[in-house]
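Peer 1: Dropping in protein23.txt, with compact mmCIF, C-alpha atoms.
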```
# COMPACT_ATOMS: atom_id res chain seq x y z
CA MET A 135 -5.12 3.04 -18.74
CA PRO A 136 -7.51 2.75 -15.73
CA PHE A 137 -8.64 6.40 -15.87
CA VAL A 138 -10.47 7.18 -19.09
CA LYS A 139 -12.33 10.22 -20.45
CA GLU A 140 -15.63 9.32 -22.10
CA LYS A 141 -18.30 11.40 -23.81
CA PHE A 142 -21.96 11.12 -22.81
CA THR A 143 -25.16 12.81 -23.92
CA VAL A 144 -27.54 14.02 -21.23
CA PRO A 145 -30.95 13.83 -22.97
CA LYS A 146 -32.84 16.13 -20.63
CA LYS A 147 -31.92 18.72 -18.04
CA MET A 148 -31.00 17.24 -14.64
CA PRO A 149 -28.68 17.92 -11.67
CA ALA A 150 -25.09 16.91 -12.36
CA PHE A 151 -24.91 14.58 -9.35
CA LEU A 152 -28.07 12.77 -10.48
CA PHE A 153 -26.61 12.16 -13.94
CA ILE A 154 -23.47 10.63 -12.38
CA MET A 155 -25.56 8.47 -10.03
CA ARG A 156 -27.71 7.08 -12.82
CA THR A 157 -24.91 6.62 -15.35
CA PHE A 158 -22.47 4.83 -13.06
CA ASN A 159 -24.88 3.36 -10.49
CA PHE A 160 -23.17 5.44 -7.79
CA THR A 161 -24.46 6.57 -4.43
CA GLN A 162 -25.02 10.30 -4.01
CA GLY A 163 -21.82 10.53 -1.97
CA GLN A 164 -19.79 8.79 -4.68
CA ALA A 165 -21.28 11.06 -7.34
CA GLN A 166 -20.48 14.17 -5.33
CA ARG A 167 -16.85 13.04 -4.95
CA VAL A 168 -16.56 12.66 -8.73
CA LEU A 169 -17.79 16.23 -9.15
CA ALA A 170 -15.63 17.58 -6.31
CA LYS A 171 -12.57 16.23 -8.16
CA GLY A 172 -13.55 18.06 -11.33
CA ARG A 173 -14.13 14.90 -13.35
CA LEU A 174 -17.32 16.07 -15.08
CA LEU A 175 -16.53 18.48 -17.91
CA ILE A 176 -18.57 20.60 -20.31
CA ASP A 177 -16.63 22.09 -23.22
CA GLY A 178 -13.44 21.06 -21.44
CA ILE A 179 -14.30 22.92 -18.22
CA SER A 180 -14.85 21.04 -14.96
CA ILE A 181 -18.22 21.32 -13.21
CA PHE A 182 -17.87 21.42 -9.42
CA ASN A 183 -21.39 22.44 -8.38
CA THR A 184 -23.14 19.13 -7.63
CA GLY A 185 -26.59 20.63 -7.99
CA GLU A 186 -25.92 22.43 -11.26
CA SER A 187 -28.28 21.35 -14.03
CA ILE A 188 -26.69 19.92 -17.17
CA LYS A 189 -27.91 18.88 -20.61
CA GLY A 190 -26.33 17.82 -23.89
CA GLU A 191 -22.79 16.58 -24.42
CA VAL A 192 -20.53 16.14 -21.40
CA GLU A 193 -17.30 14.32 -20.64
CA VAL A 194 -16.56 12.23 -17.56
CA VAL A 195 -13.18 11.08 -16.34
CA TYR A 196 -13.59 7.87 -14.39
CA PHE A 197 -11.76 4.77 -13.22
CA LYS A 198 -12.25 1.91 -15.65
CA PRO A 199 -10.48 -1.20 -14.32
CA ASP A 200 -8.13 -3.09 -16.64
CA SER A 201 -7.51 -6.55 -15.22
CA LYS A 202 -4.37 -8.59 -15.71
CA GLY A 203 -6.16 -11.71 -14.45
CA HIS A 204 -4.75 -11.64 -10.93
CA ARG A 205 -7.27 -13.65 -8.91
CA PRO A 206 -7.72 -13.43 -5.12
CA LEU A 207 -6.14 -16.00 -2.85
CA PHE A 208 -9.46 -16.19 -0.98
CA GLN A 209 -12.89 -14.62 -1.39
CA ASN A 210 -16.46 -14.88 -0.14
CA LYS A 211 -19.56 -12.76 -0.76
CA ASP A 212 -18.23 -9.87 1.37
CA PHE A 213 -14.45 -9.62 0.93
CA MET A 214 -11.36 -10.79 -0.93
CA VAL A 215 -7.74 -11.39 0.03
CA PHE A 216 -5.08 -10.87 -2.64
CA GLU A 217 -1.42 -11.75 -2.82
CA LYS A 218 0.07 -8.40 -3.84
CA PHE A 219 3.33 -8.52 -5.74
CA SER A 220 6.21 -6.18 -4.92
CA GLY A 221 6.16 -3.11 -7.16
CA VAL A 222 2.35 -2.99 -7.50
CA LEU A 223 0.42 -0.08 -6.00
CA VAL A 224 -2.74 -0.79 -4.01
CA HIS A 225 -4.46 2.35 -5.41
CA PRO A 226 -3.40 4.51 -8.38
CA ASN A 227 -1.41 7.45 -7.04
CA THR A 228 -2.15 9.60 -10.11
CA MET A 229 -4.63 9.46 -12.97
CA ALA A 230 -1.71 8.32 -15.16
CA THR A 231 -0.94 5.23 -13.04
CA PRO A 232 -1.09 2.36 -15.57
CA TYR A 233 -2.05 -0.42 -13.14
CA SER A 234 -2.81 -1.04 -9.49
CA LEU A 235 -4.43 -3.79 -7.46
CA LEU A 236 -7.62 -1.72 -7.57
CA ASP A 237 -7.94 -2.83 -11.20
CA GLU A 238 -8.38 -6.42 -10.03
CA ILE A 239 -10.56 -5.54 -7.04
CA ARG A 240 -13.10 -3.62 -9.12
CA THR A 241 -12.99 -6.00 -12.08
CA ILE A 242 -14.16 -8.75 -9.73
CA ALA A 243 -16.60 -6.87 -7.49
CA GLY A 244 -17.54 -3.59 -9.16
CA ASP A 245 -17.22 0.13 -8.39
CA SER A 246 -18.14 -0.19 -4.70
CA ALA A 247 -15.29 -2.61 -3.99
CA ASN A 248 -12.17 -1.24 -2.34
CA ALA A 249 -8.99 -2.11 -0.46
CA VAL A 250 -9.56 -1.64 3.28
CA HIS A 251 -5.93 -1.00 4.22
CA ARG A 252 -2.67 -0.12 2.52
CA ILE A 253 0.72 -1.70 2.17
CA ASP A 254 3.71 -0.02 0.58
CA MET A 255 4.22 -0.45 -3.15
CA GLU A 256 7.37 -2.55 -2.70
CA THR A 257 5.94 -4.67 0.13
CA SER A 258 4.51 -7.95 -1.09
CA GLY A 259 1.90 -10.17 0.53
CA LEU A 260 -1.68 -10.16 1.75
CA LEU A 261 -4.10 -7.33 1.01
CA LEU A 262 -7.71 -7.34 2.26
CA ALA A 263 -10.44 -5.80 0.09
CA SER A 264 -14.19 -5.40 0.57
CA LYS A 265 -16.82 -6.09 -2.10
CA TYR A 266 -19.27 -3.36 -1.06
CA LYS A 267 -19.47 -0.30 1.17
CA LYS A 268 -21.01 -1.87 4.29
CA ALA A 269 -18.28 -4.53 4.37
CA GLU A 270 -15.66 -1.81 3.79
CA SER A 271 -16.90 0.20 6.77
CA TYR A 272 -16.93 -2.86 9.02
CA LEU A 273 -13.43 -4.00 8.04
CA LYS A 274 -11.91 -0.51 8.29
CA SER A 275 -13.49 -0.18 11.73
CA SER A 276 -11.97 -3.55 12.67
CA PHE A 277 -8.51 -2.22 11.78
CA GLU A 278 -9.13 0.86 13.92
CA LYS A 279 -10.29 -1.30 16.82
CA ARG A 280 -7.28 -3.61 16.28
CA THR A 281 -9.41 -6.72 16.01
CA ILE A 282 -7.55 -7.44 12.77
CA THR A 283 -4.00 -8.58 13.42
CA LYS A 284 -1.23 -8.84 10.85
CA SER A 285 2.17 -10.45 10.71
CA TYR A 286 5.05 -9.75 8.36
CA LEU A 287 8.32 -11.34 7.35
CA ALA A 288 11.46 -9.29 6.71
CA TRP A 289 15.01 -10.02 5.67
CA VAL A 290 17.19 -7.61 7.67
CA ASP A 291 20.84 -6.63 7.70
CA GLY A 292 23.02 -8.44 10.26
CA LYS A 293 22.57 -11.21 12.79
CA LEU A 294 19.68 -11.39 15.24
CA THR A 295 19.26 -14.36 17.56
CA ASN A 296 16.77 -13.47 20.30
CA PRO A 297 13.18 -12.19 20.21
CA PHE A 298 12.83 -8.50 21.05
CA SER A 299 10.30 -5.67 21.03
CA VAL A 300 10.43 -2.01 20.07
CA SER A 301 8.04 0.48 21.68
CA GLU A 302 9.49 3.75 20.39
CA PRO A 303 6.92 6.46 19.50
CA ILE A 304 6.72 7.48 15.84
CA LYS A 305 6.24 11.00 14.49
CA ILE A 306 5.45 12.17 10.95
CA ASN A 307 8.36 14.05 9.35
CA ASN A 308 7.44 17.54 8.14
CA ASP A 309 10.94 18.52 6.97
CA TYR A 310 12.64 16.50 4.25
CA SER A 311 15.67 18.77 3.92
CA GLN A 312 17.88 16.57 6.12
CA THR A 313 16.31 13.13 5.71
CA LYS A 314 13.87 11.48 3.31
CA HIS A 315 12.39 9.39 6.13
CA LYS A 316 8.60 9.71 6.10
CA VAL A 317 8.50 9.14 9.87
CA PHE A 318 11.05 9.08 12.66
CA ILE A 319 11.42 8.09 16.32
CA SER A 320 10.47 10.96 18.64
CA PRO A 321 9.14 11.34 22.19
CA GLU A 322 6.54 13.65 20.60
CA GLY A 323 5.31 10.86 18.35
CA LYS A 324 2.43 8.41 18.68
CA ALA A 325 2.75 5.27 20.78
CA SER A 326 3.97 2.32 18.69
CA HIS A 327 4.85 -1.27 19.48
CA THR A 328 6.26 -4.13 17.39
CA ASP A 329 7.38 -7.61 18.44
CA PHE A 330 10.14 -9.33 16.46
CA ILE A 331 11.17 -13.01 16.37
CA PRO A 332 14.30 -14.08 14.43
CA LEU A 333 13.63 -17.20 12.35
CA GLU A 334 16.70 -17.86 10.24
CA TYR A 335 20.23 -16.49 9.82
CA ASP A 336 22.17 -16.73 6.57
CA GLU A 337 25.86 -16.30 7.37
CA GLY A 338 26.90 -15.94 3.74
CA LEU A 339 24.56 -13.00 3.28
CA ASP A 340 24.83 -11.75 6.88
CA ALA A 341 21.05 -11.47 6.85
CA THR A 342 18.32 -12.59 9.25
CA LEU A 343 14.75 -13.55 8.41
CA VAL A 344 12.52 -11.97 11.08
CA ALA A 345 8.82 -12.40 11.88
CA CYS A 346 7.27 -9.00 12.69
CA TYR A 347 4.09 -8.48 14.74
CA PRO A 348 2.91 -4.84 14.78
CA HIS A 349 0.46 -4.06 17.59
CA THR A 350 -0.16 -0.53 16.30
CA GLY A 351 -0.59 0.68 12.75
CA ARG A 352 1.77 3.63 12.30
CA THR A 353 3.14 4.60 8.91
CA HIS A 354 6.33 2.62 8.10
CA GLN A 355 6.27 1.23 11.65
CA ILE A 356 8.17 -2.00 11.00
CA ARG A 357 10.69 -0.26 8.75
CA VAL A 358 11.51 2.53 11.20
CA HIS A 359 11.60 0.23 14.26
CA LEU A 360 14.11 -2.11 12.58
CA PHE A 361 16.15 0.86 11.37
CA HIS A 362 16.15 2.17 14.95
CA VAL A 363 17.78 -1.01 16.28
CA LYS A 364 20.36 -0.84 13.44
CA HIS A 365 19.06 -3.83 11.53
CA PRO A 366 17.32 -2.12 8.59
CA ILE A 367 15.26 -4.13 6.16
CA LEU A 368 17.39 -5.07 3.18
CA GLY A 369 16.43 -3.23 0.03
CA ASP A 370 14.90 -0.31 1.96
CA PRO A 371 15.67 2.77 -0.17
CA ILE A 372 14.49 5.21 2.51
CA TYR A 373 15.53 3.89 5.93
CA GLY A 374 18.56 1.88 4.86
CA CYS A 375 20.77 4.30 2.93
CA THR A 376 22.08 7.86 2.68
CA PHE A 377 20.06 11.01 2.04
CA GLN A 378 21.52 11.22 -1.46
CA ASP A 379 20.72 7.62 -2.30
CA SER A 380 17.18 8.02 -0.98
CA ASN A 381 16.77 11.15 -3.07
CA ASP A 382 18.13 9.40 -6.17
CA TYR A 383 15.67 6.55 -5.61
CA LEU A 384 12.71 8.93 -5.25
CA GLU A 385 13.84 10.83 -8.36
CA GLU A 386 14.08 7.46 -10.16
CA ILE A 387 17.74 7.96 -11.09
CA LEU A 388 19.21 5.28 -8.78
CA SER A 389 20.13 2.41 -11.09
CA PRO A 390 19.15 -1.18 -10.19
CA GLU A 391 22.85 -2.03 -9.78
CA GLU A 392 23.43 0.91 -7.41
CA ARG A 393 20.31 0.07 -5.47
CA LEU A 394 21.40 -3.54 -4.96
CA VAL A 395 24.73 -2.46 -3.47
CA LYS A 396 23.56 0.56 -1.50
CA THR A 397 20.37 -0.88 0.00
CA GLY A 398 21.29 -4.56 0.03
CA ALA A 399 18.55 -5.94 -2.26
CA THR A 400 16.69 -5.30 -5.48
CA ARG A 401 13.40 -4.61 -3.63
CA LEU A 402 12.18 -3.89 -0.11
CA MET A 403 12.47 -7.27 1.60
CA LEU A 404 9.21 -7.00 3.55
CA HIS A 405 6.24 -9.35 3.11
CA ALA A 406 2.73 -9.28 4.60
CA GLN A 407 2.49 -12.90 5.77
CA SER A 408 -0.79 -13.36 7.63
CA LEU A 409 -4.16 -11.85 8.55
CA ARG A 410 -6.39 -12.83 11.49
CA PHE A 411 -9.82 -11.30 12.00
CA PRO A 412 -13.39 -12.08 13.04
CA TYR A 413 -16.10 -11.71 10.43
CA GLY A 414 -18.87 -14.01 11.53
CA ALA A 415 -16.31 -16.82 11.66
CA ASN A 416 -12.70 -16.36 12.75
CA TYR A 417 -10.43 -16.09 9.72
CA HIS A 418 -6.72 -16.90 9.65
CA ILE A 419 -5.22 -16.46 6.20
CA GLU A 420 -1.56 -17.16 5.42
CA SER A 421 0.38 -16.08 2.35
CA LYS A 422 1.27 -18.93 -0.02
CA ILE A 423 4.41 -17.19 -1.26
CA ASP A 424 7.70 -18.67 -0.01
CA PHE A 425 9.24 -15.37 1.01
CA SER A 426 12.14 -17.06 2.85
CA SER A 427 13.45 -18.34 -0.49
CA MET A 428 13.61 -14.81 -1.91
CA LYS A 429 16.99 -14.26 -0.30
CA ASN A 430 18.45 -14.69 -3.78
CA LEU A 431 17.45 -11.02 -4.22
CA ILE A 432 19.89 -9.97 -1.45
CA CYS A 433 23.31 -8.54 -2.25
CA ASP A 434 26.40 -10.40 -1.02
CA LYS A 435 27.58 -9.07 2.35
CA ASN A 436 31.07 -8.30 0.96
CA ILE A 437 29.64 -5.96 -1.66
CA ARG A 438 26.73 -4.15 -0.04
CA VAL A 439 27.24 -0.86 1.76
CA PHE A 440 25.16 0.86 4.48
CA ASN A 441 26.54 4.37 4.75
CA CYS A 442 24.03 5.73 7.25
CA LEU A 443 24.52 3.32 10.17
```
As structure tokens, what does this structure read like?

Peer 2:
Amino acid sequence: MPFVKEKFTVPKKMPAFLFIMRTFNFTQGQAQRVLAKGRLLIDGISIFNTGESIKGEVEVVYFKPDSKGHRPLFQNKDFMVFEKFSGVLVHPNTMATPYSLLDEIRTIAGDSANAVHRIDMETSGLLLASKYKKAESYLKSSFEKRTITKSYLAWVDGKLTNPFSVSEPIKINNDYSQTKHKVFISPEGKASHTDFIPLEYDEGLDATLVACYPHTGRTHQIRVHLFHVKHPILGDPIYGCTFQDSNDYLEEILSPEERLVKTGATRLMLHAQSLRFPYGANYHIESKIDFSSMKNLICDKNIRVFNCL
């Protein structure tokens, strides 16, 4: 379990934040975040006042990485690039999350290492992580400035033959009573643009492999843009099926067999294929996973059902 609760003895009176800094080799900001989250306890009660003096026995809840031996595809002294597998979270979403890629990131580079962007749990492919805070700030800024470019591969429902682009604005959904979509197309949304190039069509599956080039970084951008043009990504349990099926998936009561038929695949068929960015030198890193061959995960076209199109 990555989050553990451990007992410590504070030998002499000192501010709580200073104890956290010294014990875990944290910056003051990191120590204050630990306290703000209530992870320092005395007699089972959380201490939130960062300047409060403490002494004696305390407990601290902290992230203790538990590696499964997943090594980065590429690394240097400043950053790492991992091949993330479908079904693995980038960060733990609760303190009970048993494993995430953060376990590997911090096992290799310590407590200051971090992922610098996110990809959905079911999306596979390249994930960029920094080894220390200065590199993290630089790389996150590069994403904001769009000097880091990404490409994806997706297996989608139906036949596509010509390159196309989608520039529909995307808005965050604040009402899940009618749809489980996290975002949707709206003139009130933020500007969004994705280029798509069809690469391969499988007639037996009625599925097309598409290269996707997002020029903006909106939540679920590729997924909602492909859904908008009525070629949803196969296996998408949110944008490729009914409200009820989406709800059943989120409630974890949609069986694997139902999911295969109702979404078209056993997982979201989206893969982060490449990263290009300047960092001293110009880096171009390609995934080594043969995503095109994963079409064996796609449901036969005569069986699968898309009820929402």

Peer 1: Name the residues within 9 Å of (-12.7, -10.5, -1.1), counting all atoms listed in the file in the file's coordinates, and put them as a list in words.

Peer 2: Pro206, Leu207, Phe208, Gln209, Asn210, Lys211, Asp212, Phe213, Met214, Val215, Phe216, Ile239, Ile242, Ala243, Ala247, Leu262, Ala263, Ser264 and Lys265 of chain A

Peer 1: With distances taken over all atoms listed in the file, which of A:Ser220, A:Thr350, A:Thr143, A:Thr328 is nearest to A:Thr257?

Peer 2: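 Of A:Ser220, A:Thr350, A:Thr143, A:Thr328, the one nearest A:Thr257 is A:Ser220, counting all atoms listed in the file.
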
Peer 1: Do a neighbour search on A:Ser301 at 9 Å with only C-alpha atoms, toss out local chain neighbours closer than 3 positions, and write the hits as a count of residues only.

Peer 2: 6

Peer 1: Near A:Glu191, within 10 Å and counting all atoms listed in the file, which residues show up once chain neighbours fewer than 4 positions away are dropped, as a list in words?

Peer 2: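 Neighbouring residues, sequence-local ones excluded: Lys141, Phe142, Thr143, Val144, Pro145, Leu175, Ile176 and Asp177 of chain A.
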
Peer 1: One number please: atom CA of A:Met255 to atom CA of A:Thr353, in Å, one decimal.

Peer 2: 13.1 Å

Peer 1: Might you pull out every residue within 6 Å of A:Val290, with all atoms listed in the file counted and same-chain residues fewer than 5 positions away left off, and present them as a list in words?

Peer 2: Ala341, Thr342, His365, Pro366, Ile367 and Leu368 of chain A

Peer 1: By how many Å are atom CA of A:Gly323 and atom CA of A:Pro303 apart?

Peer 2: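 Going from atom CA of A:Gly323 over to atom CA of A:Pro303, I get 4.8 Å.
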
Peer 1: Skipping near chain neighbours, those fewer than 3 positions away, what residues fall within 10 Å of A:Pro226 using only C-alpha atoms, listed as a list in words?

Peer 2: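 In the requested format, the answer is Pro136, Phe137, Phe197, Val222, Leu223, Met229, Ala230, Thr231, Pro232, Tyr233, Ser234, Leu235, Leu236 and Asp237 of chain A.
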
Peer 1: Hey, which of A:Ile179, A:Val194, A:Val138, A:Leu388 ends up closest to A:Thr157? Count all atoms listed in the file.

Peer 2: A:Val194

Peer 1: Between atom CA of A:Thr376 and atom CA of A:Trp289, what is the spacing in Å?

Peer 2: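 Pair atom CA of A:Trp289 / atom CA of A:Thr376 returns 19.5 Å.
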
Peer 1: Can you find the residues with an atom no farther than 12 Å from (26.9, -14.0, 8.5), counting only C-alpha atoms, and report them as a PyMOL selection string?

Peer 2: chain A and resi 290-295+334-342+434-436

Peer 1: Excluding A:Phe277 and residues on its chain fewer than 3 positions from it, collect all residues at most 12 Å away from it, counting all atoms listed in the file, and give them as a PyMOL selection string.

Peer 2: chain A and resi 250-252+262+270-274+280-284+349-352+409-412

Peer 1: I'd like to know which of A:His418, A:Arg438, A:Lys189, A:His204 is closest to A:Leu394, using all atoms listed in the file.

Peer 2: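 Between A:His418, A:Arg438, A:Lys189, A:His204, the residue approaching A:Leu394 most closely is A:Arg438.
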
Peer 1: Calculate, to one decimal in Å, the centre and edge lengths of the box along x, y and z of the file that holds all listed atoms of stretch 177-188 of chain A with 8 Å of margin on each side, and present them as lines of an AutoDock Vina configuration file.

Peer 2:
```
center_x = -20.9
center_y = 21.0
center_z = -15.4
size_x = 30.8
size_y = 19.8
size_z = 31.6
```

Peer 1: Compile a residue-level contact table for stretch 141-171 of chain A against stretch 184-187 of chain A at a cut-off of 7 Å, reporting for every qualifying residue the shortest atom pair and its distance in Å to one decimal, with all atoms listed in the file counted, rows ordered by chain and ascending number, as JSON lines.

Peer 2:
```
{"residue": "A:Lys147", "atom": "CA", "partner": "A:Ser187", "partner_atom": "CA", "distance": 6.0}
{"residue": "A:Met148", "atom": "CA", "partner": "A:Ser187", "partner_atom": "CA", "distance": 5.0}
{"residue": "A:Pro149", "atom": "CA", "partner": "A:Ser187", "partner_atom": "CA", "distance": 4.2}
{"residue": "A:Ala150", "atom": "CA", "partner": "A:Thr184", "partner_atom": "CA", "distance": 5.6}
{"residue": "A:Phe151", "atom": "CA", "partner": "A:Thr184", "partner_atom": "CA", "distance": 5.2}
{"residue": "A:Gln166", "atom": "CA", "partner": "A:Thr184", "partner_atom": "CA", "distance": 6.1}
{"residue": "A:Leu169", "atom": "CA", "partner": "A:Thr184", "partner_atom": "CA", "distance": 6.3}
```

Peer 1: Nearest residue to A:Val168 out of A:Phe377, A:Phe298, A:Tyr196, A:Phe153, using all atoms listed in the file?

Peer 2: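 Ranked by minimum distance to A:Val168, first place goes to A:Tyr196.
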
Peer 1: Which residue, A:Ser421, A:Gln355, A:Ser380, A:Asn430, has the smallest gap to A:Gln312 when you use only C-alpha atoms?

Peer 2: A:Ser380

Peer 1: Closest to A:Thr400 among A:Leu174, A:Cys375, A:Ala415, A:Cys433, using only C-alpha atoms?

Peer 2: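 Among A:Leu174, A:Cys375, A:Ala415, A:Cys433, it is A:Cys433 that comes nearest to A:Thr400.
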